[in-house]
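Take a look at the structure set out below.
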Amino acid sequence: MAHKRFSQIDRREFLAFAGAAGAVFTAAANPPGALFAAAEALTATLPPLPYTQSALVPVISENTLSFHYGKHHQAYLNNTVKMIAGTDLEKAPLEEIVRKTAVRPEQSGLYNNAAQVYNHTFYWNCMKPGGGGEPHGRIAEKIRESFGGYRKFVEAFSNAAATQFGSGWAWLVSDRGKLAVVKTSNAETPLTTSAKPLLTIDVWEHAYYLDYQNRRADYIKAFVEKLINWDFAEKNLA
Ligand code: FE
């Protein structure tokens, strides 16, 4: 299974990270944790979207957002809440559920659902109406340092998103002070690695098919040029 392979590669790093952070590693996991009321037990209530369901039109239709958030994201959360009931993770915050189940192959079903809850919550915040284009400030500087310029970043990010075979995600991450682009399949998330997610694009077909059908490249281009919330990405650098 793809998620095991990814998790195993980074298991040593993950353990080192978890060990170093000790008992407070859940509370220290931010800012994505902050999106999900960090350190609080999960309920079946999704965090609200940071904008209205029609705010991303024409890049993403209200219909897509309504299904994606209201049906897909909600279903991942419902499944997660059902699966943690009566287990040692029943009262655990989301990030702890994702990190712990990533190294428990017998809980891959829970891992997949919980990681998708996390990934989607993160993804909504990576977009804003009137976003996209070239960033300024610290994040722009880091992009220049790490990729050799904004254009090179766009090429790497768009290429990762376009070539992720089947369902998955492309990410901009910060790892040991350097930015990098990675792609993950299905529910895989950099949260279980040493890399810190800054930005993501969902390339599951449910993210774009109603609006773009098979034209994934057009969705990626519109996301980059018109939606990226660079303020959010920069905040995640901290
Ligand atoms: Fe999705």
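Letters for chains follow the order of the structure tokens (A, B, ...), residue numbers begin at 1 for each chain, and ligand numbers begin at 1 in the order shown.
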To test your reading of the structure, identify every residue in range 46-100 of chain A that backbone DSSP assigns to helix (DSSP H, G or I), and report it as a PyMOL selection string.
chain A and resi 62-84+94-100
As a CSV table (one decimal) with N, CA and C atoms, in the first residue's frame, please: every protein or nucleic acid residue near ligand 1 (cut-off 8 Å, counting only C-alpha atoms and all ligand atoms).
```
chain,number,residue,atom,x,y,z
A,68,HIS,N,-17.5,18.6,-2.4
A,68,HIS,CA,-16.1,18.3,-1.9
A,68,HIS,C,-16.1,18.5,-0.4
A,72,HIS,N,-17.6,14.8,0.6
A,72,HIS,CA,-16.3,14.0,0.7
A,72,HIS,C,-15.6,14.3,2.0
A,73,HIS,N,-15.4,15.6,2.3
A,73,HIS,CA,-14.7,15.9,3.6
A,73,HIS,C,-15.5,15.4,4.8
A,116,GLN,N,-7.1,12.2,5.4
A,116,GLN,CA,-7.9,13.0,4.5
A,116,GLN,C,-8.7,14.2,5.2
A,120,HIS,N,-7.7,17.9,3.7
A,120,HIS,CA,-8.7,18.7,3.2
A,120,HIS,C,-8.8,20.0,4.0
A,202,ASP,N,-5.2,19.6,-4.0
A,202,ASP,CA,-5.9,18.3,-4.1
A,202,ASP,C,-6.0,17.9,-5.6
A,203,VAL,N,-5.4,16.8,-6.0
A,203,VAL,CA,-5.6,16.4,-7.4
A,203,VAL,C,-6.4,15.1,-7.5
A,204,TRP,N,-7.2,14.8,-6.5
A,204,TRP,CA,-8.2,13.7,-6.7
A,204,TRP,C,-9.2,14.3,-7.7
A,205,GLU,N,-9.8,13.4,-8.5
A,205,GLU,CA,-10.7,13.9,-9.5
A,205,GLU,C,-11.9,14.6,-8.9
A,206,HIS,N,-12.3,14.3,-7.7
A,206,HIS,CA,-13.5,14.9,-7.1
A,206,HIS,C,-13.2,16.4,-6.9
A,207,ALA,N,-11.9,16.8,-6.9
A,207,ALA,CA,-11.6,18.2,-6.7
A,207,ALA,C,-11.8,19.1,-7.9
```
At a cut-off of 10 Å, using only C-alpha atoms, what residues contact Gly137 in chain A? Leave out same-chain residues fewer than 4 positions from it and give the result as a count of residues only.
5
To one decimal place in Å, what is the distance between CA of Leu89 in chain A and CA of Asn186 in chain A?
22.3 Å
Expressed in Å, the length from CA of Lys221 in chain A to CA of Lys196 in chain A is 23.7 Å
Just the number, please: distance in Å from CA of Ile220 in chain A to CA of Ser158 in chain A, one decimal.
6.3 Å
Please report as a tab-separated table every residue of range 154-209 of chain A lying within 10 Å of range 109-114 of chain A, along with the nearest atom pair and their distance in Å (one decimal), using only C-alpha atoms.
```
residue	atom	partner	partner_atom	distance
A:Asn186	CA	A:Asn112	CA	7.9
A:Ala187	CA	A:Asn112	CA	5.3
A:Glu188	CA	A:Asn112	CA	7.6
A:Thr189	CA	A:Asn112	CA	9.7
```
Out of A:Leu42, A:Phe157, A:His136, A:Leu237, which residue has the shortest atom-to-atom distance to Gly177 in chain A when counting only C-alpha atoms?
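Comparing A:Leu42, A:Phe157, A:His136, A:Leu237 against Gly177 in chain A, the winner is A:Leu237.
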So which residues of range 21-228 of chain A fall under strand (DSSP E or B) by DSSP, listed as JSON, numbers by chain?
{"A": [127, 168, 169, 170, 171, 172, 173, 174, 175, 178, 179, 180, 181, 182, 183, 184, 185, 196, 197, 198, 199, 200, 201, 202, 228]}
Give me the residues within 9 Å of Phe147 in chain A as a list in words, counting only C-alpha atoms and dropping any in the same chain fewer than 4 places off.
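Listing them by chain and then by number gives Lys142, Ile143, Arg151, Lys152, Phe153, Ala156, Leu179 and Ala180 of chain A.
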Output of the above residues as an mmCIF file, in the first residue's frame, restricted to all heavy atoms:
```cif
data_model
loop_
_atom_site.group_PDB
_atom_site.id
_atom_site.type_symbol
_atom_site.label_atom_id
_atom_site.label_comp_id
_atom_site.auth_asym_id
_atom_site.auth_seq_id
_atom_site.Cartn_x
_atom_site.Cartn_y
_atom_site.Cartn_z
ATOM 1 N N LYS A 142 12.184 32.702 0.244
ATOM 2 C CA LYS A 142 12.483 31.278 0.437
ATOM 3 C C LYS A 142 12.329 30.520 -0.871
ATOM 4 O O LYS A 142 13.096 29.599 -1.165
ATOM 5 C CB LYS A 142 11.550 30.657 1.495
ATOM 6 C CG LYS A 142 11.743 31.162 2.885
ATOM 7 C CD LYS A 142 13.082 30.788 3.492
ATOM 8 C CE LYS A 142 13.150 29.387 4.015
ATOM 9 N NZ LYS A 142 14.472 29.068 4.612
ATOM 10 N N ILE A 143 11.332 30.908 -1.658
ATOM 11 C CA ILE A 143 11.103 30.248 -2.949
ATOM 12 C C ILE A 143 12.271 30.523 -3.898
ATOM 13 O O ILE A 143 12.769 29.635 -4.584
ATOM 14 C CB ILE A 143 9.741 30.684 -3.549
ATOM 15 C CG1 ILE A 143 8.619 29.943 -2.815
ATOM 16 C CG2 ILE A 143 9.675 30.422 -5.049
ATOM 17 C CD1 ILE A 143 7.222 30.361 -3.187
ATOM 18 N N ARG A 151 9.087 31.183 -11.124
ATOM 19 C CA ARG A 151 8.746 30.390 -12.315
ATOM 20 C C ARG A 151 9.161 28.931 -12.149
ATOM 21 O O ARG A 151 8.452 28.009 -12.541
ATOM 22 C CB ARG A 151 9.418 30.966 -13.570
ATOM 23 C CG ARG A 151 8.767 32.210 -14.092
ATOM 24 C CD ARG A 151 7.415 31.918 -14.762
ATOM 25 N NE ARG A 151 6.446 32.917 -14.363
ATOM 26 C CZ ARG A 151 5.129 32.716 -14.183
ATOM 27 N NH1 ARG A 151 4.595 31.537 -14.368
ATOM 28 N NH2 ARG A 151 4.333 33.684 -13.816
ATOM 29 N N LYS A 152 10.349 28.751 -11.557
ATOM 30 C CA LYS A 152 10.862 27.374 -11.346
ATOM 31 C C LYS A 152 9.983 26.645 -10.339
ATOM 32 O O LYS A 152 9.734 25.450 -10.453
ATOM 33 C CB LYS A 152 12.310 27.422 -10.830
ATOM 34 C CG LYS A 152 13.296 27.954 -11.856
ATOM 35 C CD LYS A 152 14.073 26.784 -12.450
ATOM 36 C CE LYS A 152 14.957 27.196 -13.611
ATOM 37 N NZ LYS A 152 16.006 28.140 -13.243
ATOM 38 N N PHE A 153 9.524 27.375 -9.313
ATOM 39 C CA PHE A 153 8.621 26.767 -8.341
ATOM 40 C C PHE A 153 7.333 26.335 -9.031
ATOM 41 O O PHE A 153 6.847 25.213 -8.845
ATOM 42 C CB PHE A 153 8.293 27.731 -7.181
ATOM 43 C CG PHE A 153 6.969 27.422 -6.543
ATOM 44 C CD1 PHE A 153 6.848 26.328 -5.676
ATOM 45 C CD2 PHE A 153 5.830 28.157 -6.847
ATOM 46 C CE1 PHE A 153 5.609 25.993 -5.131
ATOM 47 C CE2 PHE A 153 4.589 27.827 -6.303
ATOM 48 C CZ PHE A 153 4.476 26.745 -5.444
ATOM 49 N N ALA A 156 7.812 23.187 -10.940
ATOM 50 C CA ALA A 156 7.966 21.993 -10.097
ATOM 51 C C ALA A 156 6.633 21.594 -9.464
ATOM 52 O O ALA A 156 6.251 20.414 -9.452
ATOM 53 C CB ALA A 156 9.014 22.260 -9.005
ATOM 54 N N LEU A 179 12.847 24.792 1.146
ATOM 55 C CA LEU A 179 11.541 24.437 0.600
ATOM 56 C C LEU A 179 11.709 23.371 -0.474
ATOM 57 O O LEU A 179 12.711 23.333 -1.176
ATOM 58 C CB LEU A 179 10.852 25.661 -0.010
ATOM 59 C CG LEU A 179 10.660 26.893 0.873
ATOM 60 C CD1 LEU A 179 9.609 27.811 0.253
ATOM 61 C CD2 LEU A 179 10.276 26.520 2.283
ATOM 62 N N ALA A 180 10.675 22.516 -0.586
ATOM 63 C CA ALA A 180 10.698 21.475 -1.607
ATOM 64 C C ALA A 180 9.275 21.180 -2.043
ATOM 65 O O ALA A 180 8.316 21.483 -1.325
ATOM 66 C CB ALA A 180 11.342 20.209 -1.054
#
```
Residues within 6 Å of Ala41 in chain A, please, as a list in words. Count only C-alpha atoms; anything in the same chain fewer than 2 positions from it doesn't count.
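Within the cut-off, the hits are Lys91, Ala92 and Pro93 of chain A.
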